[in-house]
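The block underneath contains the structure these notes are about, expressed in structure tokens.
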Amino acid sequence: MATAVAERPAPRTASSPTRLKITEIFLSLQGESASVGWPTVFVRLTGCPLRCQYCDTAYAFHGGAWHEQASVIEQVASHGVSHVCVTGGEPLAQKACFPLLTALCDAGYIVSLETSGALDVSSVDPRVVKVLDIKTPGSAEVSRNLWTNIQHLSAQDQIKFVLCDRSDYDWARQILAEHDLAARCTVLFSPSQEQLPAGDLADWIIADKLPVRFQLQLHKILWGGERGR
Ligand code: SF4
């Protein structure tokens, strides 16, 4: 797990409205969210305007290679599975992500989007399952939460809190109640690996009978966070 906080990147531009900067496209099992366990193609877009202190995909902040949308769809198709997860970095930081999501839905895939919660999701194709983070104080990026995003979530979507310690848990429990999040969609509580013992979080959720779904990152249990798995 990367803990270094790198410098914020300069804004990027792409010459084509459908051209995307991609860090990697790979087949694995979905390790998080309500779709955990499904064979899934991951499309990891390059770049993120946030710098969460626990980020485990800092390698996606820079680099990557430009691909036309058609090339991305072709690579996804080559894996022959029905679930696709568009992730990052922060995928919505690239405008071309929006038409990519729609094109994947049009092609018949079950599409999910992992997003930081800092960028507007209102224009995301409604067929896409949005997995939206709410950044906690422990993430060091709590000020980036775009709270209006909550009103754009439907029952198929999910809200994810990555919790670093007990004070993060107490904060998240308060946000859960204030915004009545559990009535809107599934809410996921995950421990930040190496910062919060998973058993502690499980015990707190049970003690409080919280209407949230505890989750661990399956891919880290299986492959220890190895890149591209
Ligand atoms: S939003 Fe995601 S990719 Fe960006 S810094 Fe935070 S954890 Fe890393």
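Each chain of the structure tokens is named A, B, ... in the order shown, its residues numbered from 1; ligands are numbered from 1 in display order.
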Pick out the residues no farther than 7 Å from ligand 1, counting only C-alpha atoms and all ligand atoms, and list them as an NGL selection string.
:A and (48-52 or 54-58 or 88-90 or 115-116)
Show which residues sit within 10 Å of Asp133 of chain A, as a PyMOL selection string. Count only C-alpha atoms, and ignore same-chain residues fewer than 4 positions away.
chain A and resi 114-118+145+158-162+187-188
Which residues of segment 112-176 of chain A come within 9 Å of segment 199-206 of chain A, and what is each one's closest atom pair and distance in Å (one decimal), counting only C-alpha atoms, sorted by chain and residue number, as a Markdown table?
| residue | atom | partner | partner_atom | distance |
| --- | --- | --- | --- | --- |
| A:Leu163 | CA | A:Leu201 | CA | 8.5 |
| A:Asp165 | CA | A:Leu201 | CA | 8.7 |
| A:Arg166 | CA | A:Leu201 | CA | 8.2 |
| A:Tyr169 | CA | A:Leu201 | CA | 8.0 |
Please run DSSP on the backbone and report, as an MDAnalysis selection string, all residues within chain A that come out as strand (DSSP E).
chainID A and resid 19:29 39:45 65:68 83:87 110:115 129:133 158:163 186:191 213:214
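Comparing the minimum interatomic distances between Ile175 of chain A and each of A:Gly224, A:Pro137, A:Gly47, A:Pro197, counting only C-alpha atoms, we find that A:Pro137 sits nearest.
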Quote the spacing between atom CA of Phe42 of chain A and atom CA of Phe26 of chain A in Å to one decimal place.
5.4 Å
